[in-house]
file upload10.csv (CSV, C-alpha atoms)
chain,number,residue,atom,x,y,z
F,1,MET,CA,-32.1,8.7,13.2
F,2,THR,CA,-30.4,8.5,16.6
F,3,LYS,CA,-28.0,11.1,18.0
F,4,TRP,CA,-25.0,8.8,17.2
F,5,MET,CA,-26.1,8.5,13.6
F,6,TRP,CA,-26.5,12.2,13.3
F,7,PHE,CA,-23.0,12.6,14.8
F,8,LYS,CA,-21.6,10.2,12.2
F,9,VAL,CA,-23.3,11.9,9.3
F,10,VAL,CA,-22.1,15.3,10.5
F,11,SER,CA,-18.6,14.0,11.1
F,12,VAL,CA,-18.4,12.5,7.6
F,13,ILE,CA,-19.6,15.8,6.0
F,14,LEU,CA,-17.0,17.7,8.2
F,15,LEU,CA,-14.3,15.3,7.2
F,16,LEU,CA,-15.1,15.7,3.5
F,17,GLY,CA,-15.0,19.5,4.0
F,18,VAL,CA,-11.7,19.3,5.8
F,19,ILE,CA,-10.2,17.1,3.0
F,20,ILE,CA,-11.5,19.4,0.2
F,21,GLY,CA,-10.4,22.5,2.1
F,22,ILE,CA,-6.9,21.3,2.7
F,23,CYS,CA,-6.5,20.2,-1.0
F,24,VAL,CA,-7.7,23.6,-2.2
F,25,LEU,CA,-5.4,25.4,0.3
F,26,GLU,CA,-2.4,23.3,-0.7
F,27,ASP,CA,-3.1,24.0,-4.4
F,28,HIS,CA,-3.4,27.7,-3.7
F,29,LEU,CA,-0.3,27.9,-1.6
F,30,VAL,CA,1.9,25.9,-3.9
F,31,THR,CA,0.7,27.7,-7.1
F,32,SER,CA,1.2,31.1,-5.6
F,33,ALA,CA,4.6,30.3,-4.1
F,34,LEU,CA,5.9,28.9,-7.4
F,35,ALA,CA,4.4,31.7,-9.5
F,36,MET,CA,6.1,34.2,-7.2
F,37,VAL,CA,9.5,32.4,-7.7
F,38,ASN,CA,8.9,32.2,-11.5
F,39,ASN,CA,8.1,35.9,-11.7
F,40,ARG,CA,11.2,36.9,-9.7
F,41,CYS,CA,13.4,34.7,-11.9
F,42,TYR,CA,12.0,36.5,-15.0
F,43,GLU,CA,12.5,39.9,-13.3
F,44,ILE,CA,16.1,38.9,-12.5
F,45,GLU,CA,16.8,37.9,-16.1
F,46,VAL,CA,15.4,41.2,-17.3
F,47,ALA,CA,17.5,43.1,-14.8
F,48,ILE,CA,20.7,41.2,-15.9
F,49,GLN,CA,20.0,42.1,-19.5
F,50,GLU,CA,19.3,45.7,-18.8
F,51,ASN,CA,22.4,46.1,-16.5
F,52,ASP,CA,24.8,43.9,-18.5
F,53,GLY,CA,25.7,41.5,-15.7
F,54,ILE,CA,24.8,40.3,-12.3
F,55,VAL,CA,26.9,42.6,-10.2
F,56,ASN,CA,24.6,45.5,-9.6
F,57,GLY,CA,22.2,46.7,-7.0
F,58,GLU,CA,19.0,45.9,-8.8
F,59,VAL,CA,19.8,42.1,-9.3
F,60,ALA,CA,21.0,41.9,-5.7
F,61,SER,CA,17.9,43.5,-4.5
F,62,LEU,CA,15.6,41.2,-6.6
F,63,VAL,CA,17.4,38.1,-5.3
F,64,GLU,CA,17.1,39.4,-1.7
F,65,ASN,CA,13.4,39.9,-2.2
F,66,MET,CA,13.0,36.5,-3.8
F,67,GLU,CA,14.8,34.9,-0.8
F,68,TYR,CA,12.6,36.8,1.7
F,69,GLU,CA,9.3,36.0,-0.1
F,70,TRP,CA,10.3,32.4,-0.6
F,71,PHE,CA,11.0,31.8,3.1
F,72,GLN,CA,7.7,33.5,4.0
F,73,LYS,CA,5.8,31.2,1.6
F,74,GLU,CA,7.8,28.1,2.7
F,75,ARG,CA,6.5,28.5,6.2
F,76,GLY,CA,3.0,27.8,5.0
F,77,LEU,CA,4.1,25.1,2.6
F,78,CYS,CA,5.8,23.2,5.4
F,79,PHE,CA,2.4,22.2,6.7
F,80,LEU,CA,1.4,20.7,3.5
F,81,VAL,CA,4.4,19.7,1.4
F,82,ASN,CA,7.3,17.4,2.2
F,83,HIS,CA,10.2,19.5,3.4
F,84,LYS,CA,12.7,17.6,1.3
F,85,ASN,CA,10.9,18.6,-1.8
F,86,THR,CA,11.1,22.3,-1.0
F,87,GLU,CA,14.6,22.7,0.6
F,88,GLN,CA,16.4,22.5,-2.8
F,89,LEU,CA,14.8,25.7,-3.9
F,90,GLY,CA,15.8,27.6,-0.8
F,91,VAL,CA,19.4,26.4,-1.1
F,92,GLU,CA,19.6,27.5,-4.8
F,93,ILE,CA,18.2,31.0,-3.9
F,94,VAL,CA,20.9,31.4,-1.2
F,95,ARG,CA,23.5,30.3,-3.7
F,96,LEU,CA,22.4,33.1,-6.0
F,97,LYS,CA,23.4,35.7,-3.4
F,98,THR,CA,26.8,34.1,-2.9
F,99,TYR,CA,27.4,34.1,-6.7
F,100,ILE,CA,26.6,37.8,-6.9
F,101,ASP,CA,29.1,38.5,-4.0
F,102,GLU,CA,31.8,36.3,-5.7
F,103,GLU,CA,30.9,37.6,-9.2
F,104,GLU,CA,30.5,34.1,-10.5
F,105,GLU,CA,28.2,34.8,-13.5
F,106,ILE,CA,28.1,31.3,-15.0
F,107,GLU,CA,27.3,29.6,-11.7
F,108,PHE,CA,24.6,32.3,-11.1
F,109,TYR,CA,22.9,31.4,-14.5
F,110,VAL,CA,23.2,27.7,-13.6
F,111,SER,CA,21.5,28.2,-10.3
F,112,LEU,CA,18.8,30.4,-11.8
F,113,ASN,CA,18.1,27.7,-14.4
F,114,ILE,CA,18.0,25.1,-11.6
F,115,ILE,CA,15.4,27.2,-9.8
F,116,LYS,CA,13.3,27.6,-13.0
F,117,ASN,CA,13.5,23.9,-13.7
F,118,TYR,CA,12.6,23.1,-10.1
F,119,VAL,CA,9.5,25.3,-10.3
F,120,GLU,CA,8.4,23.6,-13.5
F,121,THR,CA,9.0,20.1,-12.1
F,122,PHE,CA,7.3,20.9,-8.9
F,123,GLN,CA,4.3,22.4,-10.7
F,124,HIS,CA,4.1,19.2,-12.8
F,125,PHE,CA,4.2,16.7,-9.9
F,126,MET,CA,2.0,18.7,-7.5
F,127,GLY,CA,-0.9,19.1,-10.0
F,128,ALA,CA,-3.7,16.6,-10.0
F,129,SER,CA,-3.3,14.6,-13.2
F,130,VAL,CA,-3.7,11.0,-14.3
F,131,ASP,CA,0.1,10.7,-14.6
F,132,ASN,CA,0.6,11.8,-11.0
F,133,ILE,CA,-2.2,9.6,-9.6
F,134,LEU,CA,-0.9,6.5,-11.3
G,135,MET,CA,12.9,14.6,19.4
G,136,LEU,CA,10.2,16.8,20.9
G,137,THR,CA,8.7,17.2,17.4
G,138,ILE,CA,8.4,13.4,17.2
G,139,VAL,CA,6.7,13.3,20.6
G,140,PHE,CA,4.1,15.9,19.6
G,141,ARG,CA,3.6,14.3,16.3
G,142,ALA,CA,3.0,10.9,18.0
G,143,VAL,CA,0.4,12.6,20.3
G,144,ILE,CA,-1.4,14.3,17.4
G,145,ILE,CA,-1.6,11.1,15.3
G,146,TYR,CA,-2.6,9.0,18.3
G,147,ILE,CA,-5.5,11.3,19.0
G,148,VAL,CA,-6.6,11.4,15.3
G,149,VAL,CA,-6.4,7.6,15.0
G,150,LEU,CA,-8.3,7.1,18.2
G,151,PHE,CA,-11.0,9.5,17.1
G,152,LEU,CA,-11.2,7.8,13.7
G,153,TYR,CA,-11.5,4.3,15.2
G,154,ARG,CA,-14.2,5.5,17.6
G,155,LEU,CA,-16.0,7.0,14.6
G,156,MET,CA,-15.9,3.8,12.7
G,157,GLY,CA,-17.6,1.9,15.5
G,158,LYS,CA,-16.9,-0.9,17.9
G,159,ARG,CA,-17.2,-3.6,15.3
G,160,GLN,CA,-13.9,-2.5,14.1
G,161,LEU,CA,-12.2,-3.9,17.1
G,162,GLY,CA,-13.9,-7.3,17.0
G,163,GLU,CA,-15.5,-9.0,14.1
G,164,MET,CA,-14.1,-7.4,11.0
G,165,GLN,CA,-15.4,-7.6,7.5
G,166,PRO,CA,-12.8,-7.9,4.7
G,167,PHE,CA,-12.9,-4.2,3.9
G,168,GLU,CA,-12.6,-3.3,7.5
G,169,LEU,CA,-9.5,-5.5,7.9
G,170,VAL,CA,-7.9,-3.8,4.9
G,171,LEU,CA,-8.7,-0.4,6.4
G,172,THR,CA,-7.2,-1.3,9.8
G,173,LEU,CA,-4.0,-2.5,8.2
G,174,ILE,CA,-3.6,0.6,6.0
G,175,ILE,CA,-4.4,2.9,8.9
G,176,ALA,CA,-1.7,1.3,11.1
G,177,ASP,CA,0.9,1.8,8.3
G,178,LEU,CA,-0.1,5.3,7.3
G,179,ALA,CA,0.0,6.5,10.9
G,180,THR,CA,3.6,5.6,11.4
G,181,ILE,CA,5.0,7.5,8.4
G,182,PRO,CA,4.6,11.1,9.6
G,183,MET,CA,5.3,10.0,13.1
G,184,ALA,CA,8.8,8.8,12.4
G,185,GLU,CA,9.7,11.0,9.4
G,186,VAL,CA,10.1,14.6,10.5
G,187,SER,CA,10.3,16.0,7.0
G,188,VAL,CA,6.9,14.7,6.1
G,189,PRO,CA,4.1,17.0,7.3
G,190,VAL,CA,1.6,15.5,9.7
G,191,LEU,CA,-1.1,16.3,7.3
G,192,HIS,CA,0.4,13.8,4.8
G,193,GLY,CA,-0.6,11.1,7.3
G,194,ILE,CA,-3.9,12.6,8.5
G,195,ILE,CA,-5.4,13.4,5.1
G,196,PRO,CA,-5.2,9.8,3.7
G,197,LEU,CA,-6.6,8.6,7.1
G,198,LEU,CA,-9.5,10.9,6.8
G,199,THR,CA,-10.0,9.9,3.2
G,200,LEU,CA,-10.1,6.2,4.1
G,201,VAL,CA,-12.6,6.8,6.9
G,202,VAL,CA,-14.9,8.7,4.5
G,203,LEU,CA,-14.6,5.8,2.0
G,204,HIS,CA,-15.3,3.4,4.8
G,205,TYR,CA,-18.5,5.3,5.6
G,206,ILE,CA,-19.6,5.4,2.0
G,207,LEU,CA,-18.9,1.6,1.6
G,208,ALA,CA,-20.7,0.8,4.8
G,209,PHE,CA,-23.7,2.9,3.7
G,210,LEU,CA,-23.8,1.2,0.3
G,211,CYS,CA,-23.6,-2.2,2.0
G,212,LYS,CA,-26.6,-1.2,4.2
G,213,VAL,CA,-28.6,0.1,1.2
G,214,SER,CA,-27.8,-2.7,-1.2
G,215,GLU,CA,-27.8,-6.4,-0.3
G,216,LYS,CA,-26.0,-7.3,-3.6
G,217,PHE,CA,-23.3,-4.7,-3.0
G,218,SER,CA,-22.9,-6.0,0.6
G,219,GLN,CA,-22.4,-9.6,-0.7
G,220,PHE,CA,-20.0,-8.4,-3.3
G,221,VAL,CA,-17.8,-6.6,-0.8
G,222,SER,CA,-18.1,-8.9,2.2
G,223,GLY,CA,-19.3,-12.2,0.7
G,224,LYS,CA,-22.1,-14.2,2.1
G,225,PRO,CA,-22.3,-16.9,4.8
G,226,VAL,CA,-21.7,-20.4,3.4
G,227,ILE,CA,-23.0,-23.6,4.8
G,228,VAL,CA,-20.1,-26.0,5.0
G,229,ILE,CA,-21.8,-28.8,7.0
G,230,ASN,CA,-25.4,-29.7,6.4
G,231,PRO,CA,-27.4,-32.8,7.5
G,232,ASN,CA,-25.8,-34.8,4.7
G,233,GLY,CA,-22.3,-34.1,6.1
G,234,ILE,CA,-19.5,-31.9,4.7
G,235,ASP,CA,-20.2,-29.9,1.6
G,236,TYR,CA,-16.9,-30.4,-0.2
G,237,LYS,CA,-17.9,-28.0,-3.0
G,238,ALA,CA,-18.4,-25.2,-0.5
G,239,LEU,CA,-15.0,-26.0,1.1
G,240,LYS,CA,-13.3,-25.8,-2.3
G,241,ASN,CA,-15.1,-22.5,-3.1
G,242,LEU,CA,-14.0,-21.1,0.3
G,243,ASP,CA,-10.5,-22.5,-0.2
G,244,ILE,CA,-10.4,-24.1,3.2
G,245,SER,CA,-9.5,-27.6,4.2
G,246,ILE,CA,-11.3,-30.2,6.3
G,247,ASP,CA,-8.6,-29.6,9.0
G,248,ASP,CA,-9.7,-26.0,9.1
G,249,VAL,CA,-13.3,-27.1,9.6
G,250,PHE,CA,-12.4,-29.5,12.4
G,251,GLU,CA,-10.3,-26.7,14.1
G,252,ALA,CA,-13.3,-24.4,14.0
G,253,LEU,CA,-15.7,-27.1,15.3
G,254,ARG,CA,-13.3,-27.9,18.2
G,255,GLY,CA,-13.2,-24.2,18.9
G,256,SER,CA,-17.0,-24.3,19.3
G,257,GLY,CA,-16.8,-27.3,21.6
G,258,TYR,CA,-17.7,-30.1,19.2
G,259,PHE,CA,-15.1,-32.8,18.6
G,260,LYS,CA,-17.2,-35.1,16.4
G,261,ILE,CA,-18.6,-34.1,13.1
G,262,GLU,CA,-21.7,-36.2,13.6
G,263,GLN,CA,-22.7,-34.0,16.5
G,264,VAL,CA,-23.2,-31.1,14.1
G,265,GLN,CA,-26.4,-30.3,12.2
G,266,TYR,CA,-25.2,-27.2,10.4
G,267,ALA,CA,-21.9,-25.3,10.3
G,268,ILE,CA,-21.9,-21.9,8.6
G,269,MET,CA,-18.8,-20.0,7.6
G,270,GLU,CA,-19.6,-16.4,8.3
G,271,THR,CA,-18.4,-13.4,6.3
G,272,ASN,CA,-15.9,-12.4,9.1
G,273,GLY,CA,-14.2,-15.8,8.8
G,274,LYS,CA,-15.8,-17.3,12.0
G,275,MET,CA,-17.7,-20.6,11.9
G,276,SER,CA,-21.1,-20.8,13.6
G,277,VAL,CA,-22.2,-24.2,14.6
G,278,LEU,CA,-25.7,-25.6,15.2
G,279,PRO,CA,-25.4,-28.9,17.0
G,280,LYS,CA,-27.9,-31.8,16.5
G,281,SER,CA,-30.7,-31.6,19.2
G,282,GLU,CA,-29.3,-34.6,21.1
G,283,PHE,CA,-25.9,-33.0,21.4
G,284,ALA,CA,-27.1,-29.4,22.2
G,285,PRO,CA,-26.4,-28.2,25.8
G,286,VAL,CA,-29.4,-28.5,28.1
G,287,THR,CA,-30.9,-25.2,29.0
G,288,VAL,CA,-33.2,-24.2,31.9
G,289,GLY,CA,-36.0,-23.8,29.3
G,290,ASP,CA,-35.5,-27.5,28.2
G,291,MET,CA,-35.8,-28.6,31.8
G,292,GLN,CA,-38.9,-26.4,32.3
G,293,LEU,CA,-37.6,-25.1,35.6
G,294,GLN,CA,-38.8,-21.9,37.3
G,295,VAL,CA,-35.8,-19.7,38.0
G,296,GLU,CA,-35.3,-16.1,39.0
G,297,LYS,CA,-34.6,-13.7,36.2
G,298,SER,CA,-30.9,-12.9,36.0
G,299,THR,CA,-30.0,-9.3,36.7
G,300,LEU,CA,-27.0,-7.3,35.7
G,301,PRO,CA,-24.6,-6.4,38.6
G,302,ILE,CA,-23.9,-2.7,38.6
G,303,ASN,CA,-20.5,-1.4,39.8
G,304,ILE,CA,-21.1,1.0,42.7
G,305,ILE,CA,-17.5,1.3,43.9
G,306,ASN,CA,-14.7,0.6,41.5
G,307,GLU,CA,-11.1,0.6,42.8
G,308,GLY,CA,-11.8,2.9,45.8
G,309,LYS,CA,-14.1,5.3,43.9
G,310,ILE,CA,-17.8,5.6,43.9
G,311,VAL,CA,-19.2,5.5,40.3
G,312,LYS,CA,-21.9,8.2,40.8
G,313,ASP,CA,-23.6,7.6,37.5
G,314,ASN,CA,-24.3,4.0,38.5
G,315,LEU,CA,-26.1,5.0,41.8
G,316,GLY,CA,-29.1,6.2,39.8
G,317,VAL,CA,-29.0,3.0,37.7
G,318,ALA,CA,-29.0,0.8,40.8
G,319,LYS,CA,-31.7,3.1,42.4
G,320,ILE,CA,-29.7,3.6,45.6
G,321,ASP,CA,-28.1,6.6,47.2
G,322,GLU,CA,-24.8,7.2,49.0
G,323,ARG,CA,-26.5,6.6,52.4
G,324,VAL,CA,-27.2,3.0,51.3
G,325,VAL,CA,-23.6,2.7,50.3
G,326,GLU,CA,-22.5,3.9,53.7
G,327,LYS,CA,-24.8,1.4,55.4
G,328,ILE,CA,-23.3,-1.5,53.3
G,329,LEU,CA,-19.8,-0.4,54.1
G,330,LYS,CA,-20.7,-0.1,57.8
G,331,LYS,CA,-22.2,-3.6,57.8
G,332,ALA,CA,-19.0,-4.9,56.2
G,333,ASN,CA,-16.8,-3.0,58.7
G,334,VAL,CA,-15.3,-0.9,56.0
G,335,LYS,CA,-14.2,2.5,57.2
G,336,LYS,CA,-13.4,4.3,53.9
G,337,VAL,CA,-14.6,4.0,50.3
G,338,LYS,CA,-11.0,3.9,49.1
G,339,ASP,CA,-10.5,0.6,51.0
G,340,VAL,CA,-13.0,-1.1,48.6
G,341,LEU,CA,-11.8,-2.9,45.5
G,342,LEU,CA,-15.2,-3.6,44.1
G,343,LEU,CA,-18.8,-3.2,45.3
G,344,THR,CA,-21.6,-4.3,43.0
G,345,VAL,CA,-25.4,-4.3,43.5
G,346,ASP,CA,-27.9,-6.0,41.2
G,347,LYS,CA,-31.5,-5.2,40.6
G,348,ALA,CA,-32.5,-8.0,43.1
G,349,GLY,CA,-30.5,-6.3,45.8
G,350,ALA,CA,-27.6,-8.8,45.9
G,351,VAL,CA,-24.5,-7.1,47.1
G,352,TYR,CA,-20.9,-8.2,46.3
G,353,LEU,CA,-18.2,-6.4,48.3
G,354,GLN,CA,-14.5,-7.0,48.2
G,355,LYS,CA,-11.8,-5.1,50.1
G,356,TYR,CA,-8.3,-4.8,48.7
G,357,HIS,CA,-6.3,-8.1,49.5
G,358,GLU,CA,-9.3,-9.6,51.3
G,359,LYS,CA,-11.9,-12.3,50.6
G,360,TYR,CA,-15.2,-10.9,49.3
G,361,THR,CA,-18.4,-10.8,51.3
G,362,THR,CA,-22.0,-10.9,50.1
G,363,MET,CA,-25.2,-9.5,51.5
G,364,ASN,CA,-28.6,-8.2,50.4
G,365,ILE,CA,-30.3,-4.8,50.5
G,366,SER,CA,-34.0,-4.5,50.7
G,367,PRO,CA,-36.0,-2.2,48.4
G,368,LEU,CA,-36.1,0.3,51.3
G,369,GLY,CA,-32.3,0.3,51.5
G,370,GLU,CA,-32.0,-1.9,54.6
G,371,VAL,CA,-28.9,-4.1,54.6
G,372,GLU,CA,-29.4,-7.8,55.4
G,373,GLU,CA,-27.0,-10.7,55.8
call {"tool": "encode", "arguments": {"input": "upload10.csv", "output": "structure tokens"}}
result
Amino acid sequence: MTKWMWFKVVSVILLLGVIIGICVLEDHLVTSALAMVNNRCYEIEVAIQENDGIVNGEVASLVENMEYEWFQKERGLCFLVNHKNTEQLGVEIVRLKTYIDEEEEIEFYVSLNIIKNYVETFQHFMGASVDNIL
Amino acid sequence: MLTIVFRAVIIYIVVLFLYRLMGKRQLGEMQPFELVLTLIIADLATIPMAEVSVPVLHGIIPLLTLVVLHYILAFLCKVSEKFSQFVSGKPVIVINPNGIDYKALKNLDISIDDVFEALRGSGYFKIEQVQYAIMETNGKMSVLPKSEFAPVTVGDMQLQVEKSTLPINIINEGKIVKDNLGVAKIDERVVEKILKKANVKKVKDVLLLTVDKAGAVYLQKYHEKYTTMNISPLGEVEE
């Protein structure tokens, strides 16, 4: 084999490695980000039940944490996922904070459910399945 | 806007690298699967370039995947003749000594006008001048003329001629191509002698200087007529 042929073989192996690596990284980042949001949503729901409402320090702190962690994760996701697909989640998390300040409990639940629904939908269409491929 | 500029630069470099990796054939005679690849690459590259919300990787990953697929396909074509024929087809004789093979034309879905167009492109205006015409897998037609219509070659005339040699660029647009000095087996002193003989003061005044293996020199200054001379194997310049 000539040098050029070796270069081609090595390049193809490297390219395959890059493709597989990026796919695994994307799956890991998306799964961990969505799992984090899902867990925070569950914790917020538990906190609301325990404190009989949204206007308390624990819920506010949980929402604050969720917002911080989401924006941290979103930075990584921006390299791999279409921004338009992730921006809705960020907007809804920010809305949660506003609803706590304004004491709008119903809107808070609506937003929380939108976030949960978004996580579920995103998990569905990000996963590798026959439905998604076709 | 700056984002788009950087994205364009990144994608341009990636596409350039991928085309280079796919080989020179990509630019010239393309097989059907290579043509498909070229069209898809062009389309894929533009999406992340123009759409800022789409990550650059969304354009690069499909490109890399296509190149890997291309390699696998090219490898399989090399290994298996049958697979190669399935993907690229096989050359078809459309004109034989009996004339036009109409069945072959029908199978290829081309008309007699298309055949004539290809023949004219090859320099043959009468079908009776052609012994064989073959439609190649890349869509080009190769024509073998009848012996009496084939161009006369030096070999046919049985003449003794000097072997043709390849001219080597020594000065290209005012710059010495140092790698070519070794190929032409001359050094910069010989170049200086040539320039002196041609009354050229500086290398940057020269548009083109070529030397072939036989020692024939072609020198052209910017905006002037060219001059020719010869150099001996010892590096002496002769008119």
call {"tool": "closest_residue", "arguments": {"input": "upload10.csv", "among": "F:Glu87, F:Glu58, F:Glu45, F:Asp27", "to": "chain G", "atoms": "all atoms listed in the file"}}
result
F:Glu87
call {"tool": "residues_around", "arguments": {"input": "upload10.csv", "residues": "Ser32 of chain F", "least_positions_apart": "4", "cutoff": "12 Å", "atoms": "all atoms listed in the file", "output": "count of residues only"}}
result
17
call {"tool": "atom_distance", "arguments": {"input": "upload10.csv", "atom1": "atom CA of Pro196 of chain G", "atom2": "atom CA of Leu178 of chain G"}}
result
7.7 Å
call {"tool": "closest_residue", "arguments": {"input": "upload10.csv", "among": "F:Leu15, F:Cys78, F:Val55, F:Val10", "to": "Ile195 of chain G", "atoms": "all atoms listed in the file"}}
result
F:Leu15
call {"tool": "interface_residues", "arguments": {"input": "upload10.csv", "of": "chain F", "to": "chain G", "cutoff": "8 Å", "atoms": "all atoms listed in the file", "output": "NGL selection string"}}
result
:F and (8 or 12 or 15-16 or 19 or 78-84)
call {"tool": "atom_distance", "arguments": {"input": "upload10.csv", "atom1": "atom CA of Lys224 of chain G", "atom2": "atom CA of Thr271 of chain G"}}
result
5.7 Å
call {"tool": "closest_residue", "arguments": {"input": "upload10.csv", "among": "G:Ala238, G:Val170, G:Ile227, G:Ile320", "to": "Lys274 of chain G", "atoms": "only C-alpha atoms"}}
result
G:Ile227
call {"tool": "residues_around", "arguments": {"input": "upload10.csv", "residues": "Arg95 of chain F", "least_positions_apart": "6", "cutoff": "9 Å", "atoms": "all atoms listed in the file", "output": "list in words"}}
result
Glu107, Phe108 and Ser111 of chain F
call {"tool": "closest_residue", "arguments": {"input": "upload10.csv", "among": "G:Gly273, G:Asp247, G:Arg141, G:Arg154", "to": "Trp4 of chain F", "atoms": "only C-alpha atoms"}}
result
G:Arg154
call {"tool": "atom_distance", "arguments": {"input": "upload10.csv", "atom1": "atom CA of Leu197 of chain G", "atom2": "atom CA of Ile175 of chain G"}}
result
6.4 Å
call {"tool": "closest_residue", "arguments": {"input": "upload10.csv", "among": "F:Asn85, F:Trp6, F:Tyr68, F:Gln49", "to": "Phe125 of chain F", "atoms": "all atoms listed in the file"}}
result
F:Asn85
call {"tool": "residues_around", "arguments": {"input": "upload10.csv", "residues": "Val63 of chain F", "least_positions_apart": "3", "cutoff": "12 Å", "atoms": "only C-alpha atoms", "output": "ChimeraX atom specification"}}
result
/F:37,39-45,47-48,54-60,66-70,90,92-101,108,111-112,115
call {"tool": "closest_residue", "arguments": {"input": "upload10.csv", "among": "G:Asn272, G:Val228, G:Arg323, G:Ala184", "to": "Leu169 of chain G", "atoms": "only C-alpha atoms"}}
result
G:Asn272
call {"tool": "residues_around", "arguments": {"input": "upload10.csv", "residues": "segment 249-257 of chain G", "least_positions_apart": "4", "cutoff": "8 Å", "atoms": "only C-alpha atoms", "output": "number ranges by chain"}}
result
G: 244-245, 261, 274-277
call {"tool": "build_atoms", "arguments": {"input": "upload10.csv", "residues": "segment 102-119 of chain F", "atoms": "N, CA and C atoms", "output": "PDB file, keeping the file's coordinate frame"}}
result
ATOM      1  N   GLU F 102      30.510  36.855  -5.153  1.00  0.00           N
ATOM      2  CA  GLU F 102      31.800  36.300  -5.700  1.00  0.00           C
ATOM      3  C   GLU F 102      31.929  36.633  -7.184  1.00  0.00           C
ATOM      4  N   GLU F 103      30.943  37.289  -7.749  1.00  0.00           N
ATOM      5  CA  GLU F 103      30.900  37.600  -9.200  1.00  0.00           C
ATOM      6  C   GLU F 103      31.101  36.445 -10.075  1.00  0.00           C
ATOM      7  N   GLU F 104      30.448  35.357  -9.727  1.00  0.00           N
ATOM      8  CA  GLU F 104      30.500  34.100 -10.500  1.00  0.00           C
ATOM      9  C   GLU F 104      29.268  34.061 -11.424  1.00  0.00           C
ATOM     10  N   GLU F 105      29.361  34.654 -12.597  1.00  0.00           N
ATOM     11  CA  GLU F 105      28.200  34.800 -13.500  1.00  0.00           C
ATOM     12  C   GLU F 105      27.669  33.465 -13.982  1.00  0.00           C
ATOM     13  N   ILE F 106      28.595  32.593 -14.390  1.00  0.00           N
ATOM     14  CA  ILE F 106      28.100  31.300 -15.000  1.00  0.00           C
ATOM     15  C   ILE F 106      27.377  30.482 -13.948  1.00  0.00           C
ATOM     16  N   GLU F 107      27.973  30.392 -12.727  1.00  0.00           N
ATOM     17  CA  GLU F 107      27.300  29.600 -11.700  1.00  0.00           C
ATOM     18  C   GLU F 107      25.947  30.253 -11.333  1.00  0.00           C
ATOM     19  N   PHE F 108      25.879  31.593 -11.426  1.00  0.00           N
ATOM     20  CA  PHE F 108      24.600  32.300 -11.100  1.00  0.00           C
ATOM     21  C   PHE F 108      23.538  31.837 -12.139  1.00  0.00           C
ATOM     22  N   TYR F 109      23.912  31.794 -13.426  1.00  0.00           N
ATOM     23  CA  TYR F 109      22.900  31.400 -14.500  1.00  0.00           C
ATOM     24  C   TYR F 109      22.523  29.909 -14.227  1.00  0.00           C
ATOM     25  N   VAL F 110      23.508  29.084 -13.840  1.00  0.00           N
ATOM     26  CA  VAL F 110      23.200  27.700 -13.600  1.00  0.00           C
ATOM     27  C   VAL F 110      22.163  27.549 -12.478  1.00  0.00           C
ATOM     28  N   SER F 111      22.407  28.280 -11.401  1.00  0.00           N
ATOM     29  CA  SER F 111      21.500  28.200 -10.300  1.00  0.00           C
ATOM     30  C   SER F 111      20.101  28.755 -10.627  1.00  0.00           C
ATOM     31  N   LEU F 112      20.102  29.849 -11.409  1.00  0.00           N
ATOM     32  CA  LEU F 112      18.800  30.400 -11.800  1.00  0.00           C
ATOM     33  C   LEU F 112      18.032  29.424 -12.671  1.00  0.00           C
ATOM     34  N   ASN F 113      18.764  28.728 -13.536  1.00  0.00           N
ATOM     35  CA  ASN F 113      18.100  27.700 -14.400  1.00  0.00           C
ATOM     36  C   ASN F 113      17.602  26.530 -13.544  1.00  0.00           C
ATOM     37  N   ILE F 114      18.398  26.181 -12.532  1.00  0.00           N
ATOM     38  CA  ILE F 114      18.000  25.100 -11.600  1.00  0.00           C
ATOM     39  C   ILE F 114      16.659  25.470 -10.955  1.00  0.00           C
ATOM     40  N   ILE F 115      16.604  26.746 -10.504  1.00  0.00           N
ATOM     41  CA  ILE F 115      15.400  27.200  -9.800  1.00  0.00           C
ATOM     42  C   ILE F 115      14.190  27.137 -10.781  1.00  0.00           C
ATOM     43  N   LYS F 116      14.392  27.622 -12.012  1.00  0.00           N
ATOM     44  CA  LYS F 116      13.300  27.600 -13.000  1.00  0.00           C
ATOM     45  C   LYS F 116      12.839  26.181 -13.287  1.00  0.00           C
ATOM     46  N   ASN F 117      13.849  25.327 -13.425  1.00  0.00           N
ATOM     47  CA  ASN F 117      13.500  23.900 -13.700  1.00  0.00           C
ATOM     48  C   ASN F 117      12.791  23.275 -12.543  1.00  0.00           C
ATOM     49  N   TYR F 118      13.242  23.643 -11.328  1.00  0.00           N
ATOM     50  CA  TYR F 118      12.600  23.100 -10.100  1.00  0.00           C
ATOM     51  C   TYR F 118      11.136  23.502 -10.075  1.00  0.00           C
ATOM     52  N   VAL F 119      10.897  24.791 -10.348  1.00  0.00           N
ATOM     53  CA  VAL F 119       9.500  25.300 -10.300  1.00  0.00           C
ATOM     54  C   VAL F 119       8.641  24.547 -11.297  1.00  0.00           C
TER      55      VAL F 119
END
